[in-house]
>>> print(open('coords07.txt').read())   # compact mmCIF, N, CA, C and O atoms and all ligand atoms
# COMPACT_ATOMS: atom_id res chain seq x y z
N MET A 740 4.36 -61.49 4.03
CA MET A 740 3.95 -60.34 3.25
C MET A 740 2.74 -59.66 3.89
O MET A 740 2.74 -58.47 4.13
N HIS A 741 1.68 -60.40 4.16
CA HIS A 741 0.52 -59.81 4.84
C HIS A 741 0.52 -60.28 6.28
O HIS A 741 -0.37 -60.99 6.72
N SER A 742 1.50 -59.81 6.98
CA SER A 742 1.61 -60.24 8.38
C SER A 742 0.58 -59.51 9.25
O SER A 742 -0.05 -58.54 8.81
N PHE A 743 0.44 -59.98 10.45
CA PHE A 743 -0.51 -59.37 11.39
C PHE A 743 -0.14 -57.92 11.68
O PHE A 743 -1.01 -57.03 11.70
N GLY A 744 1.13 -57.65 11.87
CA GLY A 744 1.60 -56.30 12.15
C GLY A 744 1.32 -55.35 10.98
O GLY A 744 0.93 -54.20 11.18
N TYR A 745 1.54 -55.86 9.78
CA TYR A 745 1.30 -55.03 8.59
C TYR A 745 -0.19 -54.67 8.47
O TYR A 745 -0.54 -53.52 8.20
N ARG A 746 -1.05 -55.65 8.69
CA ARG A 746 -2.50 -55.39 8.61
C ARG A 746 -2.95 -54.44 9.72
O ARG A 746 -3.78 -53.56 9.50
N LEU A 747 -2.42 -54.64 10.91
CA LEU A 747 -2.76 -53.77 12.04
C LEU A 747 -2.34 -52.33 11.76
O LEU A 747 -3.07 -51.37 12.05
N ASN A 748 -1.16 -52.19 11.18
CA ASN A 748 -0.66 -50.85 10.82
C ASN A 748 -1.57 -50.19 9.78
O ASN A 748 -1.89 -48.99 9.89
N THR A 749 -2.01 -50.95 8.79
CA THR A 749 -2.89 -50.41 7.76
C THR A 749 -4.23 -49.97 8.36
O THR A 749 -4.74 -48.88 8.08
N ILE A 750 -4.81 -50.81 9.22
CA ILE A 750 -6.10 -50.47 9.85
C ILE A 750 -5.96 -49.24 10.74
O ILE A 750 -6.80 -48.34 10.70
N ALA A 751 -4.88 -49.17 11.51
CA ALA A 751 -4.67 -48.02 12.40
C ALA A 751 -4.48 -46.74 11.59
O ALA A 751 -5.01 -45.68 11.96
N THR A 752 -3.77 -46.83 10.48
CA THR A 752 -3.54 -45.65 9.65
C THR A 752 -4.85 -45.14 9.04
O THR A 752 -5.15 -43.94 9.06
N VAL A 753 -5.64 -46.06 8.50
CA VAL A 753 -6.93 -45.68 7.91
C VAL A 753 -7.86 -45.11 8.97
O VAL A 753 -8.53 -44.09 8.76
N ALA A 754 -7.88 -45.73 10.16
CA ALA A 754 -8.74 -45.25 11.24
C ALA A 754 -8.34 -43.84 11.67
O ALA A 754 -9.20 -42.97 11.86
N CYS A 755 -7.06 -43.59 11.82
CA CYS A 755 -6.59 -42.25 12.21
C CYS A 755 -6.91 -41.22 11.13
O CYS A 755 -7.29 -40.08 11.43
N PHE A 756 -6.75 -41.60 9.87
CA PHE A 756 -7.05 -40.69 8.77
C PHE A 756 -8.54 -40.33 8.76
O PHE A 756 -8.91 -39.15 8.63
N LEU A 757 -9.41 -41.33 8.92
CA LEU A 757 -10.85 -41.07 8.96
C LEU A 757 -11.23 -40.22 10.17
O LEU A 757 -12.08 -39.32 10.07
N LEU A 758 -10.61 -40.48 11.31
CA LEU A 758 -10.87 -39.69 12.51
C LEU A 758 -10.46 -38.24 12.31
O LEU A 758 -11.17 -37.32 12.73
N ALA A 759 -9.33 -38.02 11.65
CA ALA A 759 -8.87 -36.65 11.38
C ALA A 759 -9.85 -35.94 10.46
O ALA A 759 -10.17 -34.75 10.65
N ILE A 760 -10.37 -36.64 9.45
CA ILE A 760 -11.35 -36.04 8.54
C ILE A 760 -12.64 -35.71 9.29
O ILE A 760 -13.19 -34.61 9.15
N LEU A 761 -13.11 -36.62 10.12
CA LEU A 761 -14.33 -36.38 10.89
C LEU A 761 -14.16 -35.20 11.85
O LEU A 761 -15.05 -34.36 11.99
N CYS A 762 -13.01 -35.11 12.51
CA CYS A 762 -12.76 -33.99 13.43
C CYS A 762 -12.71 -32.67 12.67
O CYS A 762 -13.23 -31.65 13.14
N SER A 763 -12.11 -32.67 11.50
CA SER A 763 -12.05 -31.45 10.69
C SER A 763 -13.45 -31.02 10.25
O SER A 763 -13.80 -29.84 10.32
N LEU A 764 -14.26 -31.97 9.82
CA LEU A 764 -15.63 -31.65 9.42
C LEU A 764 -16.46 -31.14 10.60
O LEU A 764 -17.27 -30.22 10.45
N ALA A 765 -16.25 -31.74 11.77
CA ALA A 765 -16.98 -31.30 12.96
C ALA A 765 -16.61 -29.87 13.33
O ALA A 765 -17.48 -29.06 13.64
N SER A 766 -15.34 -29.55 13.29
CA SER A 766 -14.91 -28.18 13.60
C SER A 766 -15.41 -27.20 12.56
O SER A 766 -15.83 -26.09 12.88
N LEU A 767 -15.36 -27.60 11.32
CA LEU A 767 -15.78 -26.73 10.22
C LEU A 767 -17.29 -26.44 10.28
O LEU A 767 -17.72 -25.31 10.02
N SER A 768 -18.08 -27.44 10.65
CA SER A 768 -19.53 -27.25 10.67
C SER A 768 -19.93 -26.24 11.74
O SER A 768 -20.93 -25.53 11.58
N ASP A 769 -19.19 -26.13 12.83
CA ASP A 769 -19.53 -25.18 13.89
C ASP A 769 -18.90 -23.81 13.65
O ASP A 769 -19.26 -22.84 14.29
N TYR A 770 -17.96 -23.74 12.73
CA TYR A 770 -17.25 -22.48 12.48
C TYR A 770 -18.19 -21.41 11.92
O TYR A 770 -18.04 -20.23 12.20
N PHE A 771 -19.17 -21.82 11.14
CA PHE A 771 -20.07 -20.87 10.49
C PHE A 771 -21.28 -20.51 11.34
O PHE A 771 -22.10 -19.71 10.93
N ASN A 772 -21.41 -21.11 12.51
CA ASN A 772 -22.52 -20.79 13.41
C ASN A 772 -22.21 -19.49 14.16
O ASN A 772 -21.23 -19.41 14.89
N VAL A 773 -23.03 -18.48 13.95
CA VAL A 773 -22.86 -17.20 14.65
C VAL A 773 -24.06 -17.04 15.57
O VAL A 773 -25.16 -16.72 15.11
N PRO A 774 -23.88 -17.28 16.88
CA PRO A 774 -25.02 -17.18 17.78
C PRO A 774 -25.46 -15.73 17.96
O PRO A 774 -24.64 -14.82 18.05
N SER A 775 -26.76 -15.53 17.97
CA SER A 775 -27.31 -14.20 18.26
C SER A 775 -28.24 -14.35 19.45
O SER A 775 -29.29 -14.98 19.37
N VAL A 776 -27.83 -13.78 20.56
CA VAL A 776 -28.56 -13.92 21.81
C VAL A 776 -29.34 -12.64 22.07
O VAL A 776 -28.77 -11.55 22.06
N ASN A 777 -30.63 -12.78 22.27
CA ASN A 777 -31.47 -11.65 22.65
C ASN A 777 -31.62 -11.66 24.16
O ASN A 777 -31.92 -12.71 24.74
N SER A 778 -31.43 -10.51 24.77
CA SER A 778 -31.52 -10.47 26.23
C SER A 778 -32.19 -9.19 26.70
O SER A 778 -32.23 -8.18 25.99
N HIS A 779 -32.73 -9.27 27.88
CA HIS A 779 -33.37 -8.12 28.51
C HIS A 779 -33.02 -8.19 30.00
O HIS A 779 -33.12 -9.25 30.62
N ILE A 780 -32.60 -7.06 30.55
CA ILE A 780 -32.23 -7.05 31.97
C ILE A 780 -32.76 -5.77 32.61
O ILE A 780 -32.75 -4.71 31.99
N GLU A 781 -33.26 -5.90 33.81
CA GLU A 781 -33.68 -4.73 34.57
C GLU A 781 -33.41 -4.97 36.05
O GLU A 781 -33.45 -6.11 36.51
N VAL A 782 -33.13 -3.88 36.76
CA VAL A 782 -32.91 -3.98 38.19
C VAL A 782 -34.27 -3.89 38.87
O VAL A 782 -34.98 -2.90 38.72
N LEU A 783 -34.63 -4.96 39.57
CA LEU A 783 -35.93 -4.98 40.24
C LEU A 783 -35.86 -4.29 41.59
O LEU A 783 -36.78 -3.59 42.00
N LYS A 784 -34.73 -4.53 42.31
CA LYS A 784 -34.68 -4.02 43.67
C LYS A 784 -33.23 -3.81 44.10
O LYS A 784 -32.37 -4.63 43.76
N VAL A 785 -32.98 -2.74 44.82
CA VAL A 785 -31.68 -2.54 45.47
C VAL A 785 -31.84 -3.03 46.90
O VAL A 785 -32.49 -2.37 47.72
N ASN A 786 -31.31 -4.20 47.18
CA ASN A 786 -31.49 -4.79 48.50
C ASN A 786 -30.65 -4.12 49.58
O ASN A 786 -31.11 -3.89 50.68
N ARG A 787 -29.41 -3.83 49.22
CA ARG A 787 -28.49 -3.26 50.22
C ARG A 787 -27.46 -2.42 49.48
O ARG A 787 -26.98 -2.79 48.43
N PHE A 788 -27.13 -1.26 50.04
CA PHE A 788 -26.09 -0.42 49.46
C PHE A 788 -25.36 0.23 50.62
O PHE A 788 -25.91 1.05 51.34
N ARG A 789 -24.13 -0.20 50.84
CA ARG A 789 -23.39 0.34 51.98
C ARG A 789 -21.91 0.46 51.66
O ARG A 789 -21.41 -0.18 50.76
N LYS A 790 -21.27 1.28 52.46
CA LYS A 790 -19.84 1.50 52.29
C LYS A 790 -19.11 0.59 53.28
O LYS A 790 -19.44 0.58 54.47
N GLN A 791 -18.13 -0.15 52.78
CA GLN A 791 -17.36 -1.02 53.66
C GLN A 791 -16.28 -0.21 54.38
O GLN A 791 -15.95 0.90 53.98
N LEU A 792 -15.72 -0.78 55.43
CA LEU A 792 -14.66 -0.10 56.18
C LEU A 792 -13.42 0.13 55.32
O LEU A 792 -12.68 1.08 55.51
N SER A 793 -13.22 -0.75 54.34
CA SER A 793 -12.06 -0.62 53.45
C SER A 793 -12.23 0.52 52.44
O SER A 793 -11.29 0.87 51.73
N GLY A 794 -13.43 1.11 52.38
CA GLY A 794 -13.67 2.20 51.43
C GLY A 794 -14.42 1.77 50.20
O GLY A 794 -14.87 2.61 49.42
N ASN A 795 -14.54 0.48 49.98
CA ASN A 795 -15.28 -0.01 48.81
C ASN A 795 -16.78 0.06 49.05
O ASN A 795 -17.24 0.03 50.19
N ASP A 796 -17.52 0.15 47.98
CA ASP A 796 -18.98 0.10 48.07
C ASP A 796 -19.44 -1.34 47.90
O ASP A 796 -18.87 -2.10 47.13
N GLU A 797 -20.48 -1.69 48.64
CA GLU A 797 -21.05 -3.02 48.52
C GLU A 797 -22.53 -2.87 48.22
O GLU A 797 -23.24 -2.15 48.93
N VAL A 798 -22.98 -3.53 47.17
CA VAL A 798 -24.37 -3.41 46.79
C VAL A 798 -24.93 -4.79 46.49
O VAL A 798 -24.23 -5.65 45.96
N SER A 799 -26.15 -4.99 46.89
CA SER A 799 -26.85 -6.24 46.59
C SER A 799 -28.10 -5.89 45.79
O SER A 799 -28.93 -5.11 46.25
N LEU A 800 -28.20 -6.42 44.58
CA LEU A 800 -29.29 -6.09 43.67
C LEU A 800 -30.07 -7.33 43.30
O LEU A 800 -29.53 -8.44 43.31
N THR A 801 -31.31 -7.13 42.96
CA THR A 801 -32.13 -8.21 42.40
C THR A 801 -32.43 -7.86 40.96
O THR A 801 -32.99 -6.79 40.69
N PHE A 802 -32.01 -8.72 40.04
CA PHE A 802 -32.21 -8.49 38.61
C PHE A 802 -33.34 -9.34 38.08
O PHE A 802 -33.61 -10.43 38.59
N ASN A 803 -33.97 -8.84 37.05
CA ASN A 803 -34.86 -9.66 36.23
C ASN A 803 -34.16 -9.82 34.88
O ASN A 803 -34.09 -8.87 34.11
N ILE A 804 -33.64 -10.99 34.62
CA ILE A 804 -32.90 -11.25 33.39
C ILE A 804 -33.66 -12.27 32.58
O ILE A 804 -34.00 -13.34 33.08
N SER A 805 -33.92 -11.93 31.34
CA SER A 805 -34.49 -12.92 30.43
C SER A 805 -33.67 -12.90 29.15
O SER A 805 -33.33 -11.83 28.64
N MET A 806 -33.32 -14.08 28.68
CA MET A 806 -32.52 -14.17 27.45
C MET A 806 -32.80 -15.48 26.75
O MET A 806 -33.20 -16.46 27.37
N ASP A 807 -32.59 -15.43 25.47
CA ASP A 807 -32.78 -16.62 24.64
C ASP A 807 -31.40 -17.10 24.20
O ASP A 807 -30.78 -16.53 23.30
N LEU A 808 -30.91 -18.15 24.87
CA LEU A 808 -29.57 -18.69 24.57
C LEU A 808 -29.62 -19.85 23.60
O LEU A 808 -28.63 -20.55 23.41
N GLN A 809 -30.76 -20.05 22.98
CA GLN A 809 -30.94 -21.22 22.13
C GLN A 809 -29.91 -21.30 21.00
O GLN A 809 -29.39 -22.37 20.72
N SER A 810 -29.59 -20.15 20.41
CA SER A 810 -28.65 -20.19 19.28
C SER A 810 -27.22 -20.44 19.74
O SER A 810 -26.36 -20.77 18.93
N ALA A 811 -26.94 -20.23 21.03
CA ALA A 811 -25.58 -20.46 21.54
C ALA A 811 -25.31 -21.95 21.75
O ALA A 811 -24.16 -22.37 21.82
N PHE A 812 -26.37 -22.73 21.88
CA PHE A 812 -26.19 -24.15 22.14
C PHE A 812 -26.25 -24.94 20.82
O PHE A 812 -27.29 -25.04 20.19
N THR A 813 -25.12 -25.43 20.42
CA THR A 813 -25.05 -26.35 19.29
C THR A 813 -24.54 -27.68 19.82
O THR A 813 -24.24 -27.81 21.01
N TRP A 814 -24.41 -28.65 18.95
CA TRP A 814 -23.93 -29.94 19.40
C TRP A 814 -22.48 -29.87 19.87
O TRP A 814 -21.99 -30.72 20.59
N ASN A 815 -21.79 -28.79 19.49
CA ASN A 815 -20.38 -28.66 19.83
C ASN A 815 -20.15 -27.75 21.04
O ASN A 815 -19.02 -27.46 21.39
N THR A 816 -21.23 -27.30 21.70
CA THR A 816 -21.10 -26.42 22.85
C THR A 816 -20.75 -27.23 24.09
O THR A 816 -21.44 -28.18 24.43
N LYS A 817 -19.67 -26.84 24.73
CA LYS A 817 -19.24 -27.54 25.95
C LYS A 817 -19.70 -26.79 27.20
O LYS A 817 -20.13 -27.37 28.17
N GLN A 818 -19.57 -25.45 27.15
CA GLN A 818 -19.84 -24.66 28.34
C GLN A 818 -20.20 -23.25 27.91
O GLN A 818 -19.64 -22.72 26.96
N VAL A 819 -21.12 -22.63 28.63
CA VAL A 819 -21.52 -21.26 28.33
C VAL A 819 -21.41 -20.45 29.62
O VAL A 819 -21.90 -20.87 30.66
N PHE A 820 -20.70 -19.33 29.53
CA PHE A 820 -20.59 -18.42 30.66
C PHE A 820 -21.46 -17.20 30.37
O PHE A 820 -21.40 -16.64 29.29
N VAL A 821 -22.27 -16.81 31.34
CA VAL A 821 -23.12 -15.64 31.20
C VAL A 821 -22.71 -14.64 32.28
O VAL A 821 -22.57 -15.00 33.45
N PHE A 822 -22.49 -13.40 31.87
CA PHE A 822 -22.14 -12.39 32.85
C PHE A 822 -22.81 -11.07 32.49
O PHE A 822 -23.19 -10.84 31.35
N VAL A 823 -22.97 -10.23 33.51
CA VAL A 823 -23.52 -8.90 33.33
C VAL A 823 -22.41 -7.91 33.64
O VAL A 823 -21.79 -7.99 34.69
N ALA A 824 -22.15 -7.01 32.72
CA ALA A 824 -21.15 -5.97 32.93
C ALA A 824 -21.86 -4.64 33.03
O ALA A 824 -22.62 -4.27 32.13
N ALA A 825 -21.65 -3.94 34.12
CA ALA A 825 -22.29 -2.64 34.33
C ALA A 825 -21.24 -1.55 34.44
O ALA A 825 -20.20 -1.76 35.06
N GLU A 826 -21.52 -0.43 33.81
CA GLU A 826 -20.62 0.72 33.89
C GLU A 826 -21.42 1.91 34.42
O GLU A 826 -22.54 2.15 33.99
N TYR A 827 -20.83 2.64 35.33
CA TYR A 827 -21.50 3.82 35.87
C TYR A 827 -20.44 4.82 36.31
O TYR A 827 -19.28 4.48 36.48
N ASP A 828 -20.88 6.07 36.46
CA ASP A 828 -19.93 7.10 36.88
C ASP A 828 -20.37 7.70 38.21
O ASP A 828 -21.56 7.71 38.55
N THR A 829 -19.40 8.14 38.97
CA THR A 829 -19.65 8.80 40.24
C THR A 829 -18.90 10.13 40.24
O THR A 829 -18.17 10.44 39.30
N VAL A 830 -19.08 10.90 41.29
CA VAL A 830 -18.38 12.18 41.39
C VAL A 830 -16.86 11.94 41.47
O VAL A 830 -16.07 12.66 40.86
N LYS A 831 -16.48 10.88 42.19
CA LYS A 831 -15.06 10.61 42.42
C LYS A 831 -14.40 9.95 41.21
O LYS A 831 -13.28 10.28 40.84
N ASN A 832 -15.10 9.01 40.57
CA ASN A 832 -14.54 8.27 39.44
C ASN A 832 -15.44 8.42 38.23
O ASN A 832 -16.66 8.28 38.33
N CYS A 833 -14.82 8.71 37.08
CA CYS A 833 -15.65 8.90 35.89
C CYS A 833 -16.09 7.57 35.28
O CYS A 833 -17.04 7.53 34.51
N LEU A 834 -15.39 6.49 35.60
CA LEU A 834 -15.80 5.19 35.06
C LEU A 834 -15.61 4.11 36.11
O LEU A 834 -14.51 3.87 36.59
N ASN A 835 -16.70 3.48 36.48
CA ASN A 835 -16.67 2.33 37.39
C ASN A 835 -17.24 1.14 36.63
O ASN A 835 -18.22 1.29 35.90
N GLN A 836 -16.64 0.00 36.79
CA GLN A 836 -17.11 -1.19 36.08
C GLN A 836 -17.30 -2.33 37.07
O GLN A 836 -16.47 -2.56 37.94
N VAL A 837 -18.42 -3.01 36.90
CA VAL A 837 -18.74 -4.15 37.74
C VAL A 837 -19.11 -5.31 36.82
O VAL A 837 -19.86 -5.13 35.86
N THR A 838 -18.59 -6.48 37.13
CA THR A 838 -18.94 -7.67 36.36
C THR A 838 -19.51 -8.71 37.31
O THR A 838 -18.93 -8.99 38.36
N VAL A 839 -20.65 -9.24 36.94
CA VAL A 839 -21.31 -10.25 37.75
C VAL A 839 -21.41 -11.52 36.91
O VAL A 839 -21.99 -11.51 35.82
N LEU A 840 -20.81 -12.58 37.41
CA LEU A 840 -20.89 -13.87 36.72
C LEU A 840 -22.14 -14.59 37.18
O LEU A 840 -22.41 -14.68 38.38
N ILE A 841 -22.93 -15.05 36.24
CA ILE A 841 -24.20 -15.69 36.57
C ILE A 841 -24.08 -17.18 36.31
O ILE A 841 -23.83 -17.58 35.17
N PRO A 842 -24.25 -18.00 37.34
CA PRO A 842 -24.22 -19.45 37.09
C PRO A 842 -25.43 -19.88 36.29
O PRO A 842 -26.54 -19.44 36.56
N LEU A 843 -25.21 -20.72 35.29
CA LEU A 843 -26.31 -21.13 34.42
C LEU A 843 -27.33 -22.00 35.15
O LEU A 843 -28.44 -22.14 34.71
N SER A 844 -26.94 -22.57 36.28
CA SER A 844 -27.90 -23.40 37.01
C SER A 844 -29.03 -22.56 37.58
O SER A 844 -30.05 -23.08 37.98
N SER A 845 -28.84 -21.22 37.63
CA SER A 845 -29.90 -20.37 38.16
C SER A 845 -30.97 -20.08 37.13
O SER A 845 -31.93 -19.41 37.42
N PHE A 846 -30.81 -20.56 35.91
CA PHE A 846 -31.83 -20.34 34.88
C PHE A 846 -32.85 -21.45 34.88
O PHE A 846 -32.57 -22.55 35.19
C1 LIG B 901 -39.28 -10.03 34.09
O1 LIG B 901 -39.27 -9.66 32.74
C2 LIG B 901 -40.18 -10.41 31.94
C3 LIG B 901 -40.02 -9.95 30.50
O2 LIG B 901 -38.82 -9.36 30.21
C4 LIG B 901 -41.59 -10.21 32.42
O3 LIG B 901 -42.46 -10.99 31.66
C5 LIG B 901 -41.68 -10.60 33.89
O4 LIG B 901 -42.96 -10.30 34.38
C6 LIG B 901 -40.64 -9.84 34.71
N1 LIG B 901 -40.67 -10.32 36.07
C7 LIG B 901 -40.74 -9.50 37.11
C8 LIG B 901 -40.74 -10.17 38.46
O5 LIG B 901 -40.78 -8.29 36.98
>>> encode(input="coords07.txt", output="structure tokens")
Amino acid sequence: MHSFGYRLNTIATVACFLLAILCSLASLSDYFNVPSVNSHIEVLKVNRFRKQLSGNDEVSLTFNISMDLQSAFTWNTKQVFVFVAAEYDTVKNCLNQVTVLIPLSSF
């Protein structure tokens, strides 16, 4: 009646049920966190601006970026990607977009 297999099955079932409840609570607790990041960015220097043979423009800039990412980091944060998106217009194109991915190790 109370065989080893029966007891093992009961323990495994209770353990899985508790784990499911804990996982649900963990997900729920982070669901209401709305991070608000304050940031400031300015271009300090235009290092290089040239036209490539392919017709594309190549620019090297030095930015001063300061931001407070504290609210983005919770116990449930695995990875944070930070990028700068710039939009500008030229005579030839009314909308140009550039995205720069910033590795967090540079902070
Ligand atoms: C960068 O910006 C911060 C504040 O936003 C300022 O305190 C700092 O002096 C700036 N650094 C440079 C090199 O301009």
>>> residues_around(input="coords07.txt", residues="region 759-774 of chain A", least_positions_apart="3", cutoff="8 Å", atoms="only C-alpha atoms", output="VMD selection string")
chain A and resid 755 to 756 810 to 811 813 815
>>> closest_residue(input="coords07.txt", among="A:Ala824, A:Val819, A:Leu800, A:Leu808", to="Leu783 (chain A)", atoms="only N, CA, C and O atoms")
A:Leu800
>>> residues_near_ligand(input="coords07.txt", ligand="ligand LIG 901 (chain B)", cutoff="6 Å", atoms="all atoms listed in the file", output="list of chain:residue names")
A:His779, A:Asn803, A:Ile804, A:Ser805
>>> atom_distance(input="coords07.txt", atom1="atom N of Asp807 (chain A)", atom2="atom C of Gln836 (chain A)")
23.2 Å
>>> atom_distance(input="coords07.txt", atom1="atom O of Phe820 (chain A)", atom2="atom C of Lys790 (chain A)")
29.6 Å
>>> axis_aligned_box(input="coords07.txt", around="region 802-810 of chain A", padding_each_side="6 Å", output="JSON")
{"center_x": -30.6, "center_y": -15.4, "center_z": 29.5, "size_x": 20.5, "size_y": 25.9, "size_z": 33.1}
>>> select_by_dssp(input="coords07.txt", residues="chain A", states="strand (DSSP E or B)", output="compact mmCIF listing (two decimals) with N, CA, C and O atoms, in the coordinates of the input")
# COMPACT_ATOMS: atom_id res chain seq x y z
N ASN A 777 -30.63 -12.78 22.27
CA ASN A 777 -31.47 -11.65 22.65
C ASN A 777 -31.62 -11.66 24.16
O ASN A 777 -31.92 -12.71 24.74
N SER A 778 -31.43 -10.51 24.77
CA SER A 778 -31.52 -10.47 26.23
C SER A 778 -32.19 -9.19 26.70
O SER A 778 -32.23 -8.18 25.99
N HIS A 779 -32.73 -9.27 27.88
CA HIS A 779 -33.37 -8.12 28.51
C HIS A 779 -33.02 -8.19 30.00
O HIS A 779 -33.12 -9.25 30.62
N ILE A 780 -32.60 -7.06 30.55
CA ILE A 780 -32.23 -7.05 31.97
C ILE A 780 -32.76 -5.77 32.61
O ILE A 780 -32.75 -4.71 31.99
N GLU A 781 -33.26 -5.90 33.81
CA GLU A 781 -33.68 -4.73 34.57
C GLU A 781 -33.41 -4.97 36.05
O GLU A 781 -33.45 -6.11 36.51
N VAL A 782 -33.13 -3.88 36.76
CA VAL A 782 -32.91 -3.98 38.19
C VAL A 782 -34.27 -3.89 38.87
O VAL A 782 -34.98 -2.90 38.72
N LEU A 783 -34.63 -4.96 39.57
CA LEU A 783 -35.93 -4.98 40.24
C LEU A 783 -35.86 -4.29 41.59
O LEU A 783 -36.78 -3.59 42.00
N LYS A 784 -34.73 -4.53 42.31
CA LYS A 784 -34.68 -4.02 43.67
C LYS A 784 -33.23 -3.81 44.10
O LYS A 784 -32.37 -4.63 43.76
N VAL A 785 -32.98 -2.74 44.82
CA VAL A 785 -31.68 -2.54 45.47
C VAL A 785 -31.84 -3.03 46.90
O VAL A 785 -32.49 -2.37 47.72
N ASN A 786 -31.31 -4.20 47.18
CA ASN A 786 -31.49 -4.79 48.50
C ASN A 786 -30.65 -4.12 49.58
O ASN A 786 -31.11 -3.89 50.68
N ARG A 787 -29.41 -3.83 49.22
CA ARG A 787 -28.49 -3.26 50.22
C ARG A 787 -27.46 -2.42 49.48
O ARG A 787 -26.98 -2.79 48.43
N PHE A 788 -27.13 -1.26 50.04
CA PHE A 788 -26.09 -0.42 49.46
C PHE A 788 -25.36 0.23 50.62
O PHE A 788 -25.91 1.05 51.34
N ARG A 789 -24.13 -0.20 50.84
CA ARG A 789 -23.39 0.34 51.98
C ARG A 789 -21.91 0.46 51.66
O ARG A 789 -21.41 -0.18 50.76
N LYS A 790 -21.27 1.28 52.46
CA LYS A 790 -19.84 1.50 52.29
C LYS A 790 -19.11 0.59 53.28
O LYS A 790 -19.44 0.58 54.47
N ASP A 796 -17.52 0.15 47.98
CA ASP A 796 -18.98 0.10 48.07
C ASP A 796 -19.44 -1.34 47.90
O ASP A 796 -18.87 -2.10 47.13
N GLU A 797 -20.48 -1.69 48.64
CA GLU A 797 -21.05 -3.02 48.52
C GLU A 797 -22.53 -2.87 48.22
O GLU A 797 -23.24 -2.15 48.93
N VAL A 798 -22.98 -3.53 47.17
CA VAL A 798 -24.37 -3.41 46.79
C VAL A 798 -24.93 -4.79 46.49
O VAL A 798 -24.23 -5.65 45.96
N SER A 799 -26.15 -4.99 46.89
CA SER A 799 -26.85 -6.24 46.59
C SER A 799 -28.10 -5.89 45.79
O SER A 799 -28.93 -5.11 46.25
N LEU A 800 -28.20 -6.42 44.58
CA LEU A 800 -29.29 -6.09 43.67
C LEU A 800 -30.07 -7.33 43.30
O LEU A 800 -29.53 -8.44 43.31
N THR A 801 -31.31 -7.13 42.96
CA THR A 801 -32.13 -8.21 42.40
C THR A 801 -32.43 -7.86 40.96
O THR A 801 -32.99 -6.79 40.69
N PHE A 802 -32.01 -8.72 40.04
CA PHE A 802 -32.21 -8.49 38.61
C PHE A 802 -33.34 -9.34 38.08
O PHE A 802 -33.61 -10.43 38.59
N ASN A 803 -33.97 -8.84 37.05
CA ASN A 803 -34.86 -9.66 36.23
C ASN A 803 -34.16 -9.82 34.88
O ASN A 803 -34.09 -8.87 34.11
N ILE A 804 -33.64 -10.99 34.62
CA ILE A 804 -32.90 -11.25 33.39
C ILE A 804 -33.66 -12.27 32.58
O ILE A 804 -34.00 -13.34 33.08
N SER A 805 -33.92 -11.93 31.34
CA SER A 805 -34.49 -12.92 30.43
C SER A 805 -33.67 -12.90 29.15
O SER A 805 -33.33 -11.83 28.64
N MET A 806 -33.32 -14.08 28.68
CA MET A 806 -32.52 -14.17 27.45
C MET A 806 -32.80 -15.48 26.75
O MET A 806 -33.20 -16.46 27.37
N ASP A 807 -32.59 -15.43 25.47
CA ASP A 807 -32.78 -16.62 24.64
C ASP A 807 -31.40 -17.10 24.20
O ASP A 807 -30.78 -16.53 23.30
N VAL A 821 -22.27 -16.81 31.34
CA VAL A 821 -23.12 -15.64 31.20
C VAL A 821 -22.71 -14.64 32.28
O VAL A 821 -22.57 -15.00 33.45
N PHE A 822 -22.49 -13.40 31.87
CA PHE A 822 -22.14 -12.39 32.85
C PHE A 822 -22.81 -11.07 32.49
O PHE A 822 -23.19 -10.84 31.35
N VAL A 823 -22.97 -10.23 33.51
CA VAL A 823 -23.52 -8.90 33.33
C VAL A 823 -22.41 -7.91 33.64
O VAL A 823 -21.79 -7.99 34.69
N ALA A 824 -22.15 -7.01 32.72
CA ALA A 824 -21.15 -5.97 32.93
C ALA A 824 -21.86 -4.64 33.03
O ALA A 824 -22.62 -4.27 32.13
N ALA A 825 -21.65 -3.94 34.12
CA ALA A 825 -22.29 -2.64 34.33
C ALA A 825 -21.24 -1.55 34.44
O ALA A 825 -20.20 -1.76 35.06
N GLU A 826 -21.52 -0.43 33.81
CA GLU A 826 -20.62 0.72 33.89
C GLU A 826 -21.42 1.91 34.42
O GLU A 826 -22.54 2.15 33.99
N TYR A 827 -20.83 2.64 35.33
CA TYR A 827 -21.50 3.82 35.87
C TYR A 827 -20.44 4.82 36.31
O TYR A 827 -19.28 4.48 36.48
N ASN A 835 -16.70 3.48 36.48
CA ASN A 835 -16.67 2.33 37.39
C ASN A 835 -17.24 1.14 36.63
O ASN A 835 -18.22 1.29 35.90
N GLN A 836 -16.64 0.00 36.79
CA GLN A 836 -17.11 -1.19 36.08
C GLN A 836 -17.30 -2.33 37.07
O GLN A 836 -16.47 -2.56 37.94
N VAL A 837 -18.42 -3.01 36.90
CA VAL A 837 -18.74 -4.15 37.74
C VAL A 837 -19.11 -5.31 36.82
O VAL A 837 -19.86 -5.13 35.86
N THR A 838 -18.59 -6.48 37.13
CA THR A 838 -18.94 -7.67 36.36
C THR A 838 -19.51 -8.71 37.31
O THR A 838 -18.93 -8.99 38.36
N VAL A 839 -20.65 -9.24 36.94
CA VAL A 839 -21.31 -10.25 37.75
C VAL A 839 -21.41 -11.52 36.91
O VAL A 839 -21.99 -11.51 35.82
N LEU A 840 -20.81 -12.58 37.41
CA LEU A 840 -20.89 -13.87 36.72
C LEU A 840 -22.14 -14.59 37.18
O LEU A 840 -22.41 -14.68 38.38
N ILE A 841 -22.93 -15.05 36.24
CA ILE A 841 -24.20 -15.69 36.57
C ILE A 841 -24.08 -17.18 36.31
O ILE A 841 -23.83 -17.58 35.17
>>> select_by_dssp(input="coords07.txt", residues="region 758-822 of chain A", states="alpha helix (DSSP H)", output="VMD selection string")
chain A and resid 758 to 770
>>> closest_residue(input="coords07.txt", among="A:Gln791, A:Phe822, A:Gln809, A:Val830", to="Val776 (chain A)", atoms="all atoms listed in the file")
A:Gln809
